[in-house]
file run_13.csv (CSV, C-alpha atoms)
chain,number,residue,atom,x,y,z
A,933,MET,CA,14.6,-19.4,12.3
A,934,GLU,CA,13.7,-19.0,8.7
A,935,ASN,CA,11.9,-15.7,8.0
A,936,ALA,CA,13.0,-14.3,11.3
A,937,PHE,CA,14.6,-10.8,11.5
A,938,ASP,CA,15.6,-8.1,13.9
A,939,LEU,CA,13.6,-5.5,12.0
A,940,ILE,CA,10.9,-5.7,9.3
A,941,VAL,CA,10.2,-2.5,7.3
A,942,VAL,CA,6.9,-2.4,5.3
A,943,GLY,CA,7.3,0.0,2.4
A,944,ALA,CA,10.4,0.7,0.4
A,945,GLY,CA,10.0,4.5,-0.3
A,946,ALA,CA,12.5,7.0,1.1
A,947,LEU,CA,11.3,6.7,4.7
A,948,GLY,CA,11.4,2.9,4.7
A,949,ALA,CA,14.6,2.5,2.8
A,950,PHE,CA,16.6,5.0,4.9
A,951,HIS,CA,15.3,3.4,8.2
A,952,ALA,CA,16.6,0.1,6.8
A,953,TYR,CA,19.9,1.7,5.9
A,954,PHE,CA,20.6,3.0,9.4
A,955,ALA,CA,19.4,-0.2,11.0
A,956,LEU,CA,21.7,-2.2,8.7
A,957,GLN,CA,24.6,0.0,9.8
A,958,ARG,CA,23.9,-1.0,13.4
A,959,GLY,CA,24.3,-4.7,12.4
A,960,LEU,CA,20.6,-5.6,12.3
A,961,ASN,CA,19.2,-8.3,10.1
A,962,VAL,CA,16.6,-6.3,8.1
A,963,LEU,CA,13.8,-7.3,5.8
A,964,VAL,CA,12.0,-4.7,3.6
A,965,LEU,CA,8.7,-5.7,2.1
A,966,GLU,CA,7.3,-3.6,-0.8
A,967,LYS,CA,3.8,-4.0,-2.3
A,968,ASP,CA,4.8,-3.1,-5.8
A,969,ALA,CA,7.3,-4.6,-8.2
A,970,ARG,CA,9.3,-1.4,-7.7
A,971,PRO,CA,8.5,1.7,-5.6
A,972,VAL,CA,6.2,4.0,-7.7
A,973,GLU,CA,4.8,6.5,-5.3
A,974,ALA,CA,6.0,9.9,-3.9
A,975,THR,CA,9.6,8.9,-3.7
A,976,VAL,CA,9.6,8.4,-7.5
A,977,ARG,CA,7.0,11.1,-8.6
A,978,ASN,CA,8.9,14.2,-7.7
A,979,PHE,CA,11.5,16.7,-8.9
A,980,GLY,CA,14.5,15.1,-7.2
A,981,GLN,CA,15.3,18.4,-5.6
A,982,ILE,CA,17.0,18.0,-2.2
A,983,ILE,CA,16.5,21.5,-0.7
A,984,THR,CA,18.1,21.8,2.8
A,985,SER,CA,17.9,25.5,2.4
A,986,GLY,CA,14.1,25.4,2.3
A,987,MET,CA,13.7,23.8,5.8
A,988,ALA,CA,12.8,25.9,8.8
A,989,GLU,CA,15.7,26.2,11.3
A,990,GLY,CA,15.6,23.6,14.1
A,991,GLU,CA,15.4,19.8,14.0
A,992,TRP,CA,14.2,19.5,10.5
A,993,PHE,CA,16.9,21.7,9.1
A,994,ASP,CA,19.3,19.5,11.1
A,995,TYR,CA,17.8,16.4,9.6
A,996,ALA,CA,18.1,17.8,6.1
A,997,ARG,CA,21.8,18.5,6.7
A,998,VAL,CA,22.3,14.9,7.8
A,999,SER,CA,20.5,13.8,4.7
A,1000,LEU,CA,22.8,16.0,2.5
A,1001,GLU,CA,25.9,14.5,4.0
A,1002,THR,CA,24.5,10.9,3.8
A,1003,TYR,CA,23.5,11.2,0.2
A,1004,GLN,CA,27.0,12.3,-0.7
A,1005,LYS,CA,28.5,9.6,1.4
A,1006,ILE,CA,26.5,6.9,-0.4
A,1007,GLN,CA,27.2,8.5,-3.8
A,1008,ALA,CA,30.9,8.2,-3.1
A,1009,GLU,CA,30.4,4.4,-2.9
A,1010,CYS,CA,27.6,3.8,-5.4
A,1011,ASP,CA,26.1,6.0,-8.1
A,1012,ILE,CA,22.6,6.7,-6.8
A,1013,SER,CA,22.3,9.7,-9.2
A,1014,ILE,CA,23.3,12.4,-6.7
A,1015,ARG,CA,24.7,15.5,-8.4
A,1016,ARG,CA,26.2,18.4,-6.5
A,1017,ASN,CA,24.9,21.2,-8.7
A,1018,GLY,CA,23.3,23.6,-6.3
A,1019,SER,CA,20.0,25.3,-5.6
A,1020,LEU,CA,19.2,28.8,-6.8
A,1021,TYR,CA,16.3,31.0,-5.6
A,1022,LEU,CA,15.3,33.6,-8.1
A,1023,ALA,CA,13.8,36.9,-6.8
A,1024,SER,CA,11.3,38.7,-9.0
A,1025,THR,CA,10.9,41.8,-6.7
A,1026,GLU,CA,13.1,43.9,-4.5
A,1027,LEU,CA,11.2,42.7,-1.5
A,1028,GLU,CA,11.8,39.0,-2.4
A,1029,LEU,CA,15.4,39.9,-2.8
A,1030,GLN,CA,15.4,41.5,0.7
A,1031,VAL,CA,14.0,38.3,2.2
A,1032,LEU,CA,16.8,36.3,0.4
A,1033,ALA,CA,19.4,38.7,1.8
A,1034,GLU,CA,18.0,38.3,5.3
A,1035,LYS,CA,18.1,34.5,5.0
A,1036,HIS,CA,21.7,34.7,3.6
A,1037,ALA,CA,22.8,36.5,6.7
A,1038,ARG,CA,21.0,34.0,9.0
A,1039,TYR,CA,22.6,31.0,7.3
A,1040,ALA,CA,26.0,32.7,7.5
A,1041,ALA,CA,25.5,32.7,11.3
A,1042,LEU,CA,24.6,29.0,11.2
A,1043,GLY,CA,27.6,28.1,9.1
A,1044,TYR,CA,25.5,27.0,6.1
A,1045,PRO,CA,27.1,28.7,3.1
A,1046,SER,CA,25.2,30.7,0.5
A,1047,ARG,CA,25.9,33.4,-2.0
A,1048,LEU,CA,23.8,36.4,-3.0
A,1049,LEU,CA,23.8,36.9,-6.8
A,1050,THR,CA,23.0,40.0,-8.8
A,1051,ALA,CA,20.6,39.7,-11.7
A,1052,ALA,CA,23.5,39.6,-14.1
A,1053,GLU,CA,25.1,36.7,-12.1
A,1054,CYS,CA,21.8,34.8,-12.2
A,1055,GLN,CA,21.6,35.2,-15.9
A,1056,GLN,CA,25.2,34.0,-16.3
A,1057,ARG,CA,24.3,30.9,-14.4
A,1058,LEU,CA,20.9,30.5,-16.1
A,1059,PRO,CA,20.9,32.1,-19.5
A,1060,ALA,CA,17.3,31.1,-20.0
A,1061,VAL,CA,16.0,33.3,-17.1
A,1062,ARG,CA,14.1,36.4,-18.3
A,1063,ALA,CA,15.7,39.7,-17.4
A,1064,SER,CA,12.2,41.1,-16.9
A,1065,TYR,CA,11.6,38.5,-14.1
A,1066,CYS,CA,14.9,38.3,-12.2
A,1067,VAL,CA,16.3,41.0,-9.9
A,1068,GLY,CA,18.8,38.7,-8.1
A,1069,GLY,CA,19.1,35.4,-6.3
A,1070,LEU,CA,20.5,33.3,-3.6
A,1071,LEU,CA,22.7,30.3,-4.5
A,1072,PHE,CA,23.5,27.3,-2.3
A,1073,GLU,CA,26.3,25.6,-4.2
A,1074,GLN,CA,26.6,22.7,-1.8
A,1075,GLU,CA,23.1,21.4,-2.4
A,1076,VAL,CA,22.4,18.4,-4.6
A,1077,THR,CA,19.8,16.9,-6.9
A,1078,ALA,CA,18.8,13.3,-7.7
A,1079,GLU,CA,17.0,11.5,-10.4
A,1080,PRO,CA,13.9,10.3,-8.6
A,1081,ASP,CA,13.2,7.5,-11.2
A,1082,LEU,CA,16.7,6.1,-10.4
A,1083,LEU,CA,17.6,7.0,-6.8
A,1084,ILE,CA,15.4,4.7,-4.8
A,1085,HIS,CA,16.0,1.7,-7.1
A,1086,ARG,CA,19.8,2.1,-7.0
A,1087,LEU,CA,19.7,2.7,-3.2
A,1088,LEU,CA,17.8,-0.5,-2.6
A,1089,ALA,CA,20.2,-2.4,-4.9
A,1090,TYR,CA,23.1,-0.9,-2.9
A,1091,LEU,CA,21.6,-1.9,0.4
A,1092,THR,CA,21.1,-5.4,-0.9
A,1093,GLU,CA,24.6,-5.8,-2.2
A,1094,ARG,CA,26.7,-3.8,0.2
A,1095,TRP,CA,24.7,-4.2,3.4
A,1096,HIS,CA,22.9,-7.6,2.8
A,1097,LEU,CA,19.4,-6.2,3.0
A,1098,ASP,CA,16.7,-8.8,2.4
A,1099,TYR,CA,14.5,-6.9,0.0
A,1100,ARG,CA,11.3,-8.5,-1.3
A,1101,PRO,CA,9.3,-6.4,-3.8
A,1102,ALA,CA,5.8,-7.4,-5.1
A,1103,THR,CA,5.0,-8.5,-1.6
A,1104,PRO,CA,1.9,-6.8,-0.2
A,1105,VAL,CA,1.4,-7.1,3.5
A,1106,LEU,CA,-2.0,-8.0,4.9
A,1107,ALA,CA,-1.4,-7.9,8.7
A,1108,VAL,CA,1.1,-6.8,11.3
A,1109,THR,CA,0.6,-8.1,14.9
A,1110,ALA,CA,2.5,-8.5,18.1
A,1111,ASN,CA,2.4,-11.1,20.8
A,1112,SER,CA,4.7,-12.3,23.6
A,1113,ALA,CA,7.1,-13.9,21.1
A,1114,GLY,CA,7.5,-10.7,19.1
A,1115,CYS,CA,6.0,-9.3,15.9
A,1116,GLU,CA,4.4,-11.2,13.0
A,1117,VAL,CA,3.9,-10.0,9.5
A,1118,VAL,CA,1.7,-11.8,7.0
A,1119,ASP,CA,1.9,-11.1,3.3
A,1120,ALA,CA,-0.8,-11.6,0.6
A,1121,ARG,CA,0.5,-15.1,-0.2
A,1122,GLY,CA,0.1,-16.2,3.4
A,1123,GLN,CA,3.8,-16.1,4.1
A,1124,ARG,CA,4.7,-15.3,7.7
A,1125,TYR,CA,7.7,-13.3,9.0
A,1126,ARG,CA,8.8,-12.7,12.5
A,1127,ALA,CA,10.8,-9.8,13.9
A,1128,ALA,CA,11.6,-8.0,17.1
A,1129,GLN,CA,10.2,-4.7,15.7
A,1130,VAL,CA,8.3,-3.6,12.7
A,1131,LEU,CA,8.2,-0.2,11.0
A,1132,VAL,CA,5.2,0.6,8.8
A,1133,CYS,CA,6.2,3.2,6.2
A,1134,THR,CA,3.4,2.9,3.7
A,1135,GLY,CA,3.1,6.4,2.5
A,1136,ARG,CA,-0.4,7.3,1.3
A,1137,ASP,CA,-1.7,3.7,1.7
A,1138,CYS,CA,-3.7,4.2,4.9
A,1139,GLN,CA,-6.6,1.8,4.2
A,1140,PHE,CA,-5.0,-1.6,4.5
A,1141,LEU,CA,-2.8,-1.7,7.6
A,1142,PHE,CA,-4.2,-0.1,10.8
A,1143,PRO,CA,-6.9,1.8,9.0
A,1144,GLU,CA,-8.8,2.6,12.2
A,1145,ILE,CA,-5.7,4.4,13.5
A,1146,PHE,CA,-5.2,6.4,10.3
A,1147,ALA,CA,-8.9,7.3,10.2
A,1148,GLN,CA,-8.6,9.0,13.5
A,1149,SER,CA,-5.5,10.9,12.7
A,1150,ASP,CA,-5.2,14.4,11.3
A,1151,LEU,CA,-3.4,13.2,8.1
A,1152,GLN,CA,-4.5,14.7,4.8
A,1153,LEU,CA,-3.7,13.8,1.3
A,1154,CYS,CA,-2.0,16.2,-1.1
A,1155,LYS,CA,-2.1,15.7,-4.9
A,1156,LEU,CA,0.5,17.5,-7.2
A,1157,GLN,CA,0.7,18.0,-10.9
A,1158,MET,CA,4.0,18.2,-12.7
A,1159,LEU,CA,5.1,18.5,-16.4
A,1160,ALA,CA,8.3,17.8,-18.4
A,1161,THR,CA,9.3,19.3,-21.7
A,1162,TYR,CA,10.9,17.5,-24.6
A,1163,PRO,CA,14.7,17.2,-24.1
A,1164,LEU,CA,16.4,20.6,-24.6
A,1165,PRO,CA,20.1,19.8,-24.6
A,1166,GLN,CA,20.8,23.3,-25.9
A,1167,VAL,CA,19.5,24.8,-22.6
A,1168,GLN,CA,21.7,24.8,-19.5
A,1169,LEU,CA,19.7,24.7,-16.2
A,1170,PRO,CA,22.0,23.4,-13.5
A,1171,GLY,CA,20.6,22.2,-10.2
A,1172,SER,CA,17.4,23.2,-8.6
A,1173,VAL,CA,15.7,26.4,-9.7
A,1174,LEU,CA,13.2,28.0,-7.3
A,1175,THR,CA,11.3,31.2,-7.6
A,1176,GLY,CA,9.6,34.1,-5.8
A,1177,LEU,CA,6.5,31.9,-5.1
A,1178,SER,CA,8.8,29.3,-3.5
A,1179,ILE,CA,10.2,32.0,-1.2
A,1180,ARG,CA,6.6,32.6,0.0
A,1181,ARG,CA,5.9,28.9,0.5
A,1182,TYR,CA,9.0,27.4,2.0
A,1183,PRO,CA,9.2,27.3,5.9
A,1184,ALA,CA,12.8,28.5,5.9
A,1185,PHE,CA,11.9,32.1,5.0
A,1186,ARG,CA,9.1,32.6,7.6
A,1187,ASP,CA,11.5,33.9,10.2
A,1188,CYS,CA,12.9,36.6,8.0
A,1189,PRO,CA,12.0,40.1,9.2
A,1190,SER,CA,10.6,41.1,5.8
A,1191,PHE,CA,8.5,37.9,5.3
A,1192,ALA,CA,5.3,39.4,6.7
A,1193,GLN,CA,5.6,42.3,4.3
A,1194,LEU,CA,6.3,40.0,1.4
A,1195,LEU,CA,2.9,38.3,2.0
A,1196,THR,CA,1.2,41.6,1.3
A,1197,GLU,CA,2.6,41.7,-2.3
A,1198,PRO,CA,-0.1,40.6,-4.7
A,1199,VAL,CA,0.0,37.1,-6.2
A,1200,PRO,CA,-2.5,36.0,-8.9
A,1201,ALA,CA,-5.5,34.4,-7.2
A,1202,ALA,CA,-5.5,31.3,-9.3
A,1203,LEU,CA,-1.9,30.5,-8.4
A,1204,GLN,CA,-2.7,31.0,-4.7
A,1205,GLN,CA,-5.9,28.9,-5.0
A,1206,TRP,CA,-4.0,25.9,-6.4
A,1207,GLY,CA,-0.9,26.2,-4.3
A,1208,ILE,CA,1.3,26.8,-7.3
A,1209,HIS,CA,4.9,27.8,-6.7
A,1210,LEU,CA,7.2,27.4,-9.7
A,1211,LEU,CA,10.1,25.0,-9.6
A,1212,PHE,CA,12.4,23.9,-12.4
A,1213,LYS,CA,14.9,21.1,-12.8
A,1214,GLN,CA,16.7,19.7,-15.8
A,1215,ALA,CA,16.6,15.9,-16.0
A,1216,LEU,CA,19.5,13.8,-17.3
A,1217,ASP,CA,17.9,13.6,-20.8
A,1218,GLY,CA,17.8,17.4,-21.0
A,1219,SER,CA,14.1,17.8,-20.4
A,1220,ILE,CA,12.9,20.5,-18.1
A,1221,ILE,CA,10.6,19.4,-15.2
A,1222,ILE,CA,8.1,22.1,-14.2
A,1223,GLY,CA,5.7,22.3,-11.3
A,1224,ASP,CA,3.8,22.1,-9.2
A,1225,THR,CA,0.3,22.3,-7.8
A,1226,HIS,CA,-1.2,21.4,-4.5
A,1227,GLU,CA,-4.7,20.0,-3.9
A,1228,TYR,CA,-5.7,18.7,-0.5
A,1229,ALA,CA,-8.4,16.3,0.9
A,1230,SER,CA,-8.9,14.5,4.2
A,1231,LEU,CA,-8.2,10.7,4.2
A,1232,ALA,CA,-12.0,10.1,4.2
A,1233,ASP,CA,-12.3,12.2,1.0
A,1234,ALA,CA,-9.1,10.9,-0.6
A,1235,ALA,CA,-10.9,9.5,-3.6
A,1236,THR,CA,-11.8,13.1,-4.7
A,1237,LEU,CA,-8.1,13.5,-5.6
A,1238,ASP,CA,-8.3,11.0,-8.5
A,1239,PHE,CA,-5.7,10.2,-11.2
A,1240,ASN,CA,-6.8,12.9,-13.7
A,1241,ASN,CA,-4.5,15.8,-14.5
A,1242,SER,CA,-6.3,19.1,-15.1
A,1243,ASP,CA,-5.2,21.0,-18.3
A,1244,GLU,CA,-6.4,24.2,-16.7
A,1245,LEU,CA,-3.8,23.8,-13.9
A,1246,ASN,CA,-1.1,22.8,-16.3
A,1247,GLN,CA,-1.7,25.9,-18.3
A,1248,LEU,CA,-1.6,28.0,-15.1
A,1249,MET,CA,1.8,26.6,-14.4
A,1250,LEU,CA,3.0,27.1,-18.0
A,1251,GLY,CA,1.8,30.7,-18.0
A,1252,GLU,CA,3.9,31.5,-15.0
A,1253,ALA,CA,6.8,29.5,-16.2
A,1254,ARG,CA,6.9,31.4,-19.5
A,1255,ARG,CA,7.1,34.6,-17.4
A,1256,ILE,CA,10.3,33.3,-15.8
A,1257,LEU,CA,12.2,31.3,-18.4
A,1258,ASP,CA,12.7,31.8,-22.2
A,1259,LEU,CA,12.8,28.3,-23.6
A,1260,PRO,CA,13.2,27.4,-27.3
A,1261,ASP,CA,10.5,24.8,-27.1
A,1262,TRP,CA,7.6,24.7,-24.7
A,1263,ARG,CA,6.0,21.5,-26.0
A,1264,ILE,CA,5.2,19.2,-23.1
A,1265,GLN,CA,6.3,15.6,-23.5
A,1266,ARG,CA,4.6,14.2,-20.4
A,1267,THR,CA,2.5,15.2,-17.4
A,1268,TRP,CA,1.9,13.2,-14.2
A,1269,ASN,CA,0.7,13.5,-10.6
A,1270,GLY,CA,2.1,12.6,-7.3
A,1271,TYR,CA,0.5,12.1,-3.9
A,1272,TYR,CA,1.8,12.3,-0.4
A,1273,THR,CA,0.2,12.5,3.1
A,1274,GLN,CA,1.0,15.1,5.6
A,1275,SER,CA,0.0,15.8,9.2
A,1276,LYS,CA,-2.0,19.0,9.9
A,1277,SER,CA,-0.5,19.4,13.3
A,1278,GLY,CA,3.1,18.2,13.0
A,1279,GLU,CA,6.0,17.6,10.7
A,1280,ILE,CA,5.4,13.8,10.5
A,1281,PHE,CA,2.9,11.3,11.7
A,1282,GLN,CA,4.2,8.6,14.2
A,1283,HIS,CA,2.1,6.2,16.2
A,1284,SER,CA,3.0,3.0,17.9
A,1285,PRO,CA,-0.1,0.7,18.4
A,1286,ASP,CA,2.4,-1.6,20.3
A,1287,PRO,CA,5.8,-0.8,21.7
A,1288,ARG,CA,7.3,-2.9,18.9
A,1289,ILE,CA,5.2,-1.7,16.0
A,1290,HIS,CA,5.7,1.8,14.7
A,1291,LEU,CA,3.6,3.6,12.0
A,1292,ILE,CA,5.7,6.3,10.2
A,1293,THR,CA,4.2,8.5,7.4
A,1294,GLY,CA,2.9,11.9,6.7
A,1295,ILE,CA,6.3,13.6,6.1
A,1296,GLY,CA,4.7,15.8,3.5
A,1297,GLY,CA,6.6,17.3,0.6
A,1298,LYS,CA,10.0,17.2,2.4
A,1299,GLY,CA,10.7,13.5,2.1
A,1300,MET,CA,13.5,13.7,-0.5
A,1301,THR,CA,15.2,16.4,1.6
A,1302,SER,CA,14.8,15.2,5.2
A,1303,ALA,CA,13.6,11.6,5.4
A,1304,CYS,CA,17.1,10.3,5.5
A,1305,GLY,CA,18.2,12.5,8.4
A,1306,PHE,CA,14.9,11.8,10.2
A,1307,ALA,CA,15.5,8.1,9.8
A,1308,ALA,CA,18.9,8.3,11.3
A,1309,HIS,CA,17.5,10.1,14.4
A,1310,ASN,CA,14.5,7.7,14.6
A,1311,VAL,CA,16.5,4.5,14.5
A,1312,ALA,CA,18.6,5.9,17.4
A,1313,ARG,CA,15.5,7.0,19.3
A,1314,LEU,CA,13.8,3.6,18.9
A,1315,ALA,CA,17.0,2.0,20.2
A,1316,LEU,CA,17.0,-0.4,17.2
A,1317,GLY,CA,20.0,-2.7,17.6

call {"tool": "encode", "arguments": {"input": "run_13.csv", "output": "structure tokens"}}
result
Amino acid sequence: MENAFDLIVVGAGALGAFHAYFALQRGLNVLVLEKDARPVEATVRNFGQIITSGMAEGEWFDYARVSLETYQKIQAECDISIRRNGSLYLASTELELQVLAEKHARYAALGYPSRLLTAAECQQRLPAVRASYCVGGLLFEQEVTAEPDLLIHRLLAYLTERWHLDYRPATPVLAVTANSAGCEVVDARGQRYRAAQVLVCTGRDCQFLFPEIFAQSDLQLCKLQMLATYPLPQVQLPGSVLTGLSIRRYPAFRDCPSFAQLLTEPVPAALQQWGIHLLFKQALDGSIIIGDTHEYASLADAATLDFNNSDELNQLMLGEARRILDLPDWRIQRTWNGYYTQSKSGEIFQHSPDPRIHLITGIGGKGMTSACGFAAHNVARLALG
């Protein structure tokens, strides 16, 4: 039957695209419908840092490891912008360094390689880091980065060419229903599609499909602000660079014996208020991406997190960034914001209004790192194919 599929995925961000990838590998006939001409939301508006080391031990760390392996597997076949250039956590105090040492020991027991660096070794890797800030670091040489404005578009092209994905951008979906014959999806032009199962991976768009379900959920919206300098080809900043504030924020470090003591070390109130933890990554053009902030609102109050970027928050980030790095030019070429949903009570939001229709969103800020591995698990769990 024309427009009949084994699986329809609504939404072509990381969650949707990787569910499609693993379903295609099982031999399914898959259609992906994307509302925009190209994906433009959280999968694109991020650093491109894939930080397995930042995940708490357990299933989500395992998902992240699967993601890391899968990214590199796909990169071997098609350039989706994956670069194996490592992740480095910089410690600014002896207590932060102690937490890193404890995590290094724990990861050694798990067989996940890392290397403790002295301050001098950190400066050798990152000549721009200020000696007054860095007392040492923890390096994960196996970790990778991506270019978020390239990755998802190249991945979708790869799935279309290599795996025969039927991908239809600029196709907003108005309705998803199920009956005795299967599932039906209707787009904004009135076109109808049928499938055995439907995955709804629509990110922060919770007001169009199944709004009553999302309204009763514990999902909240998070808004982030990020900045990028002008290209600085004379600066070498390999891989992902994370800082002492990242150590305090990332779930991976919460099980370290010294973590509770670390939380007693003072942090400027404004940085805490706006959830600022400094991250750096150098893009392909040589610009340095800096961020980020975190503002939260319930779905009912989502409109309060509008499209404006606050210069006050940008200046807070830049003030902390100047304490960490010594760059030859701090002019900012562009600023932007990103949005994602996250569940207050779990790592992801999943709900099936029908046994054949599955809502999947709310993965929070870990989508680039773990959406791929989660999708592999979820495709198997749903017995797709």

call {"tool": "residues_around", "arguments": {"input": "run_13.csv", "residues": "A:Gly1171", "least_positions_apart": "5", "cutoff": "6 Å", "atoms": "all atoms listed in the file", "output": "number ranges by chain"}}
result
A: 1017-1019

call {"tool": "closest_residue", "arguments": {"input": "run_13.csv", "among": "A:Tyr1272, A:Phe1072, A:Tyr1003, A:Phe993", "to": "A:Ala1184", "atoms": "all atoms listed in the file"}}
result
A:Phe993

call {"tool": "closest_residue", "arguments": {"input": "run_13.csv", "among": "A:Leu956, A:Leu1088, A:Ile1208, A:Tyr1228", "to": "A:Lys1276", "atoms": "only C-alpha atoms"}}
result
A:Tyr1228

call {"tool": "residues_around", "arguments": {"input": "run_13.csv", "residues": "A:Ile1014", "least_positions_apart": "3", "cutoff": "10 Å", "atoms": "only C-alpha atoms", "output": "ChimeraX atom specification"}}
result
/A:980,982,1000,1003-1004,1006-1008,1010-1011,1017,1075-1080,1082-1083

call {"tool": "closest_residue", "arguments": {"input": "run_13.csv", "among": "A:His1309, A:Lys1298, A:His1226, A:His1209", "to": "A:Gln981", "atoms": "only C-alpha atoms"}}
result
A:Lys1298
